[in-house]
Structure formats: C-alpha cells, structure tokens
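K.L.:
Quick one: this structure, given as structure tokens, is what I'll be asking you about.
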Amino acid sequence: MTKITLHNTKTRQKEDLVPVKSGEVSMYVCGPTVYDRAHLGNARPVIIFDTLFRLLRHVYGEANVTYVRNFTDVDDKINARAAETGQSIREITDGTIGLYLSDMDAVGALHPTHMPRATEYIAPMVAMSADLIDKGYAYEAEGHVLFAVESYADYGKFSGRGIDDMIAGSRVEVAPYKRNPMDFVLWKPSDADTPGWDSPWGKGRPGWHIECSAMAHELLGESFDIHGGGNDLMFPHHENEIAQSKCAGHDFANIWMHNEMLQVEGKKMSKSLGNFFTVRDLLDQGVPGEVIRFVMLSTHYRKPMDWTEKKREEAEKTLRKWRLLVENVDGSYVPQDILLSLSDDLNTAGALTLMHKLANDGNVAELKSAGALLGLLGDEMGAWIDKGAVDLSVFSEKLGNAREKAMQSKDFSALDALKRALTEAGVEVRMSKEAVELLPTSTFDPSKLEGLL
Ligand SMILES: [Zn+2]
C-alpha cells in the first residue's frame with residue numbers, strides 16, 4: 001500500500017499516516033458557519049481536503065474512508081442575520097447550506113461521508129459539557145458553562161502560544177463570571193429571541209468549540225486519524241477542541257493539518273480593500289469551477305496562496321489544452337510518481353508539474369487518470385470548455401482550400417501565412433497529399449486563433 005506522509009501541526013513534523021483502525025481512515029474537517037455565501041478563501045480548505053479525501057479513497061478504497069465536515073448552524077452571526085433580514089434562522093441556514101454545496105460542487109468537491117449540523121447534536125454537547133463539569137474541568141456560572149483552562153496543563157501547547165498571545169488571539173471578553181479571562185464557553189444562556197435548548201443549566205445554546213468535539217466523537221469515535229482546517233482555526237478553536245476532548249477522556253485526532261491563508265494579488269482579501277469576492281462571484285463572471293480548483297492546487301497547502309488574474313488565465317489555457325488532449329480518451333492508471341507526489345504531504349503543485357510532463361509527452365491516458373485523482377478533467381466539470389471552444393476542423397478546411405489555390409496560382413504566401421499563424425498559436429500543422437492534420441501542442445492558445453476565423 002502506498003505510504004502517505006502528512007505534516008502534523010501537533011508535532012511540527014511530517015509523519016507517516018498510520019490509521020487507528022488498520023485499513024480504514026477517518027478525517028474531520030471544520031466546516032462553515034452558515035449565514036452567508038462562501039468567499040474564495042473558504043474554498044481553499046474544501047478543495048485541499050477534497051483532494052486528500054480522493055487520495056485516501058484511491059489508496060484505502062472508497063468504502064474505507066470516512067470524512068466528516070460539519071455545518072455550524074447555531075451561531076450569533078446567524079442570529080444577527082435573522083434579526084437583520086426578518087428571515088427565520090432555519091431559512092437562513094437551510095438556504096446557505098444549499099448555496100454552499102452548489103458552490104463547492106462547482107469546484108469539484110465530493111460530498112463528505114457525513115455533513116452533520118450542529119443543531120442535530122445538541123444532546124451530545126450537553127452530555128459532554130456535563131461530563132467536563134463532573135470531572136472538574138468545567139464550571140457553571142450565571143447560566144454559562146465554562147471550560148477552566150487552568151485545569152488542563154497542556155493548554156496552549158498545541159498552538160504554541162504564550163498566555164499574553166492567547167488573550168490577544170482569543171479576543172476574550174473579560175466577563176465577571178469567568179474565573180480566568182481565557183476560560184471559554186461550552187454553553188451559554190438564550191433569551192426569548194435566540195434559539196435555545198433545555199439543559200441542566202437552563203435554556204441555552206452551545207459554544208462553537210464544543211460542537212466539533214462532540215460531533216467528531218459521535219461520528220468517528222474516541223480517536224481518529226486526521227483533523228483539518230485553516231490555520232486561522234489553530235487558536236483558539238482547535239486548541240479548545242483538544243482541551244475539551246482530551247479532558248473528556250478522548251484520544252481525539254492523531255494528525256492535525258492546517259492550510260495557509262489565501263490572498264488576492266498579494267494582498268489580504270478584505271471588504272475594505274475592495275478585493276473581497278465569493279466563489280459565486282467568480283463563477284458568475286464566467287470563471288469555470290475547474291479553473292478555480294486548478295489554481296488552488298497549484299500552490300502547496302502549507303504555503304500562502306496568492307490568487308492572481310495571471311494564474312487564472314494560465315490555468316484556463318492549460319485546462320483547455322489538456323481537455324483537448326484527453327477528449328474521448330479512457331484513463332488507464334495513475335502514474336506512480338503522481339501518487340508519490342500526493343502521498344508526500346499532499347504535494348498537489350508537484351503533481352500538476354508531472355501532469356504537464358504527461359501532456360507534453362502525449363501520455364494522454366495517464367493524464368486523464370491523474371486528473372481524476374486530483375478532481376480535474378472529469379466530464380462533470382467539462383461543460384465550460386464548449387463555450388468559446390475552437391473547432392480546429394474549420395482551420396483544416398481553410399488550409400485545404402488555401403493549398404488548392406496556391407497550387408493553381410503558384411502563390412504560396414497566403415498558405416504560408418495561415419500555417420505560420422497556426423504554428424504561433426501552438427498548433428502543429430501536418431499536411432500530406434491526403435489530409436490536413438492539426439494537433440494542439442503544449443503551447444496551444446485558442447485565443448490567438450480568433451483573428452483567423
Ligand atoms: Zn472545528
């Protein structure tokens with residue numbers, strides 16, 4: 001079996017993936033809070049962990065990989081959006097989940113095995129909070145249940161933060177009922193206007209962090225293999241998940257993976273800079289989901305990803321070329337070097353480089369199979385290619401006619417000009433007495449042919 005190594009945030013080094021249950025892999029990835037459309041940065045972890053999911057399925061078999069990604073459907077941002085718009089909470093969360101899935105479908109993300117909604121797991125969250133109180137790791141104060149960070153000696157170790165840093169990082173509210181300002185909420189009281197559930201501490205709702213600990217435990221058990229998310233979640237979210245789960249007596253995740261953040265043209269994406277856009281904005285502008293996916297995979301997940309117009313253009317050109325090459329081609333097998341590249345801490349950029357080589361060498365069946373493993377070149381994502389696609393047969397006919405004329409007039413200048421234009425557009429021209437054959441090469445750029453039509 002192919003050995004997979006992954007960088008583990010917990011140990012700060014690459015480690016072999018050794019599943020808890022031999023032959024089966026389990027993965028949990030923190031999902032979105034559903035009150036608004038996914039911005040481009042949200043698509044990065046989705047595409048990265050989808051590619052890992054595909055690799056794991058390839059190596060372990062589809063039936064042996066369990067992937068959980070949650071929906072946070074109880075949150076103060078959702079409550080605020082409901083108050084603002086007059087919509088019910090359920091309308092907002094259902095609607096946003098639908099939009100989220102259609103956007104992520106468009107970038108080729110497979111649905112995880114389980115997509116639990118936090119509100120469907122309130123009972124396990126209450127049980128876990130009560131258990132933490134019983135064990136002396138949490139306390140009740142004014143209708144809240146708080147995790148006492150001082151009760152867990154390793155608190156802060158995972159994210160490697162000092163106390164001051166953690167206080168700044170968690171933007172803690174120094175509430176009078178907290179024993180320590182860093183103590184975080186497991187449960188908080190709800191009033192008549194906020195959603196609430198019955199609990200031993202009155203009507204209330206869970207804090208954010210307990211959600212993932214409780215759902216991961218319910219769906220994946222005491223210990224599981226991989227936990228993923230953006231590195232903005234390392235603190236406080238993942239630090240807190242670990243504290244709760246460990247204190248509840250669970251082993252929790254073995255390997256923690258974090259993707260770096262996304263920038264746009266070298267700048268942090270922000271509404272104030274005017275460079276903030278959603279996945280849907282791009283799709284509506286005609287950027288194919290497959291192109292978004294390609295650009296995302298062209299940077300290793302542990303490096304900051306810079307979304308640029310130039311990368312988008314390059315990705316589109318490459319995919320156009322590859323799609324022409326693999327048209328009507330059946331895949332064969334995934335080349336070993338591509339598998340090794342992905343198995344080495346998910347080196348997607350390396351895998352794409354190898355795919356370029358396959359394309360240049362004309363190994364189209366392998367190119368197709370490698371594409372399937374990375375979620376590229378599949379039929380389900382190929383509709384965009386028909387729009388504005390160039391049918392080279394038009395040019396074969398033009399060449400044939402130009403040749404006929406040239407033979408009669410003995411003036412070859414028009415024929416030569418046409419051949420030159422095709423060559424410059426990256427099309428190899430093969431003319432025999434019987435036929436004209438046009439082959440797109442690695443530098444094929446359909447946009448250069450537009451003037452010739
Ligand atoms: Zn989480």
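Chains: A, B, ... in order of the structure tokens. Residues: from 1 per chain. Ligands: from 1, in order shown.
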Report as JSON lines the residues of stretch 37-104 of chain A within 10 Å of stretch 268-275 of chain A, each with its shortest atom pair and distance in Å (one decimal), using only C-alpha atoms, ordered by chain and increasing residue number.

P.N.:
```
{"residue": "A:His39", "atom": "CA", "partner": "A:Met269", "partner_atom": "CA", "distance": 9.4}
{"residue": "A:Leu40", "atom": "CA", "partner": "A:Met269", "partner_atom": "CA", "distance": 8.9}
{"residue": "A:Gly41", "atom": "CA", "partner": "A:Met269", "partner_atom": "CA", "distance": 8.1}
```

K.L.:
What would the file look like if the residues just selected were written as a CSV table (one decimal), in the first residue's frame with C-alpha atoms?

P.N.:
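again.csv was written with the following content:
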```csv
chain,number,residue,atom,x,y,z
A,39,HIS,CA,-15.8,33.5,-0.1
A,40,LEU,CA,-12.9,32.4,-2.2
A,41,GLY,CA,-10.7,31.7,0.9
```

K.L.:
Taking only C-alpha atoms and all ligand atoms into account, which residues are within 8 Å of ligand 1, as a list in words?

P.N.:
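If we count only C-alpha atoms and all ligand atoms, the neighbours of ligand 1 turn out to be Val29, Cys30, Gly31, Asn70, Trp208, His209, Glu211, Cys212, Ser213, Gly229, Leu233, His237, His238 and Glu241 of chain A.
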
K.L.:
Write the residues of the selection above to a file with N, CA, C and O atoms, as an mmCIF file, in the first residue's frame.

P.N.:
```cif
data_model
loop_
_atom_site.group_PDB
_atom_site.id
_atom_site.type_symbol
_atom_site.label_atom_id
_atom_site.label_comp_id
_atom_site.auth_asym_id
_atom_site.auth_seq_id
_atom_site.Cartn_x
_atom_site.Cartn_y
_atom_site.Cartn_z
ATOM 1 N N VAL A 29 -13.056 17.651 9.244
ATOM 2 C CA VAL A 29 -12.641 18.990 8.817
ATOM 3 C C VAL A 29 -13.695 19.990 9.283
ATOM 4 O O VAL A 29 -14.896 19.761 9.111
ATOM 5 N N CYS A 30 -13.232 21.075 9.899
ATOM 6 C CA CYS A 30 -14.170 22.098 10.377
ATOM 7 C C CYS A 30 -14.843 22.767 9.189
ATOM 8 O O CYS A 30 -14.182 23.269 8.280
ATOM 9 N N GLY A 31 -16.162 22.790 9.225
ATOM 10 C CA GLY A 31 -16.928 23.349 8.113
ATOM 11 C C GLY A 31 -17.379 24.782 8.387
ATOM 12 O O GLY A 31 -16.980 25.390 9.375
ATOM 13 N N ASN A 70 -18.574 19.455 9.192
ATOM 14 C CA ASN A 70 -19.803 19.935 9.847
ATOM 15 C C ASN A 70 -20.339 21.228 9.252
ATOM 16 O O ASN A 70 -19.656 21.931 8.505
ATOM 17 N N TRP A 208 -19.150 27.481 20.274
ATOM 18 C CA TRP A 208 -18.717 26.956 18.977
ATOM 19 C C TRP A 208 -17.815 25.721 19.117
ATOM 20 O O TRP A 208 -18.019 24.702 18.453
ATOM 21 N N HIS A 209 -16.815 25.803 19.992
ATOM 22 C CA HIS A 209 -15.780 24.757 20.013
ATOM 23 C C HIS A 209 -16.303 23.366 20.361
ATOM 24 O O HIS A 209 -15.864 22.375 19.798
ATOM 25 N N GLU A 211 -18.962 21.960 19.706
ATOM 26 C CA GLU A 211 -19.604 21.353 18.544
ATOM 27 C C GLU A 211 -18.728 20.283 17.885
ATOM 28 O O GLU A 211 -19.127 19.150 17.698
ATOM 29 N N CYS A 212 -17.513 20.714 17.512
ATOM 30 C CA CYS A 212 -16.643 19.815 16.749
ATOM 31 C C CYS A 212 -16.203 18.632 17.606
ATOM 32 O O CYS A 212 -16.133 17.504 17.131
ATOM 33 N N SER A 213 -15.910 18.906 18.886
ATOM 34 C CA SER A 213 -15.501 17.810 19.773
ATOM 35 C C SER A 213 -16.616 16.780 19.892
ATOM 36 O O SER A 213 -16.366 15.571 19.815
ATOM 37 N N GLY A 229 -8.244 21.866 8.833
ATOM 38 C CA GLY A 229 -8.877 23.186 8.833
ATOM 39 C C GLY A 229 -7.871 24.249 8.443
ATOM 40 O O GLY A 229 -6.681 23.955 8.268
ATOM 41 N N LEU A 233 -7.783 28.674 12.351
ATOM 42 C CA LEU A 233 -8.581 27.977 13.363
ATOM 43 C C LEU A 233 -7.721 27.344 14.460
ATOM 44 O O LEU A 233 -8.242 26.830 15.458
ATOM 45 N N HIS A 237 -9.826 27.948 18.267
ATOM 46 C CA HIS A 237 -10.764 26.848 18.032
ATOM 47 C C HIS A 237 -10.158 25.453 18.251
ATOM 48 O O HIS A 237 -10.684 24.650 19.021
ATOM 49 N N HIS A 238 -9.065 25.163 17.587
ATOM 50 C CA HIS A 238 -8.516 23.801 17.708
ATOM 51 C C HIS A 238 -7.852 23.559 19.065
ATOM 52 O O HIS A 238 -7.904 22.450 19.594
ATOM 53 N N GLU A 241 -10.783 22.677 21.121
ATOM 54 C CA GLU A 241 -11.304 21.341 20.796
ATOM 55 C C GLU A 241 -10.465 20.274 21.505
ATOM 56 O O GLU A 241 -10.987 19.325 22.088
#
```

K.L.:
Give me, as a VMD selection string, all polymer residues having an atom no more than 7 Å from A:Asp183, counting only C-alpha atoms and skipping those fewer than 5 positions away in the same chain.

P.N.:
chain A and resid 146 to 149 178

K.L.:
Could you check which of A:Ala414, A:Leu453, A:Ala243, A:Met381 is closest to A:Ser393, using only C-alpha atoms?

P.N.:
A:Leu453

K.L.:
Excluding A:Phe71 and residues on its chain fewer than 3 positions from it, collect all residues at most 12 Å away from it, counting only C-alpha atoms, and give them as number ranges by chain.

P.N.:
A: 28-35, 68, 74-75, 93-94, 96-98, 100-101, 112, 114-121, 208, 211-212, 215

K.L.:
Applying 8 Å and only C-alpha atoms, which residues near A:Asn254 remain after dropping the ones on its own chain fewer than 5 positions away? List them as a PyMOL selection string.

P.N.:
chain A and resi 223-227

K.L.:
Please return as a PyMOL selection string: the residues of stretch 290-451 of chain A that backbone DSSP assigns to strand (DSSP E or B).

P.N.:
chain A and resi 305-307+344+427-431+436-440

K.L.:
To one decimal in Å, tell me the separation between atom CA of A:Pro124 and atom CA of A:Pro206.

P.N.:
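Straight-line distance from atom CA of A:Pro124 to atom CA of A:Pro206 works out to 10.5 Å.
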
K.L.:
Which polymer residues have any atom within 12 Å of an atom of A:Ser102, counting only C-alpha atoms, with same-chain residues fewer than 6 positions away left out, as a list in words?

P.N.:
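These residues fall inside the cut-off: Arg37, Ala38, Ala43, Gly95, Thr96, Gly108, Ala109, Leu110, His111, Val279, Arg280, Leu283 and Gly289 of chain A.
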
K.L.:
Would you mind writing down, as a PyMOL selection string, each residue of stretch 217-355 of chain A that DSSP on the backbone assigns to alpha helix (DSSP H)?

P.N.:
chain A and resi 217-220+239-247+279-284+289-297+309-326+336-343+348-355

K.L.:
Do a neighbour search on A:Ile292 at 10 Å with only C-alpha atoms, toss out local chain neighbours closer than 2 positions, and write the hits as JSON, numbers by chain.

P.N.:
{"A": [40, 43, 44, 47, 106, 107, 108, 279, 282, 283, 287, 288, 289, 290, 294, 295, 296, 297, 307, 311, 312, 315, 316]}

K.L.:
So, counting only C-alpha atoms, which residue among A:Ser396, A:Gln336, A:Asn64, A:Ser341 is closest to A:Val427?

P.N.:
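Nearest candidate to A:Val427 out of A:Ser396, A:Gln336, A:Asn64, A:Ser341: A:Ser396.
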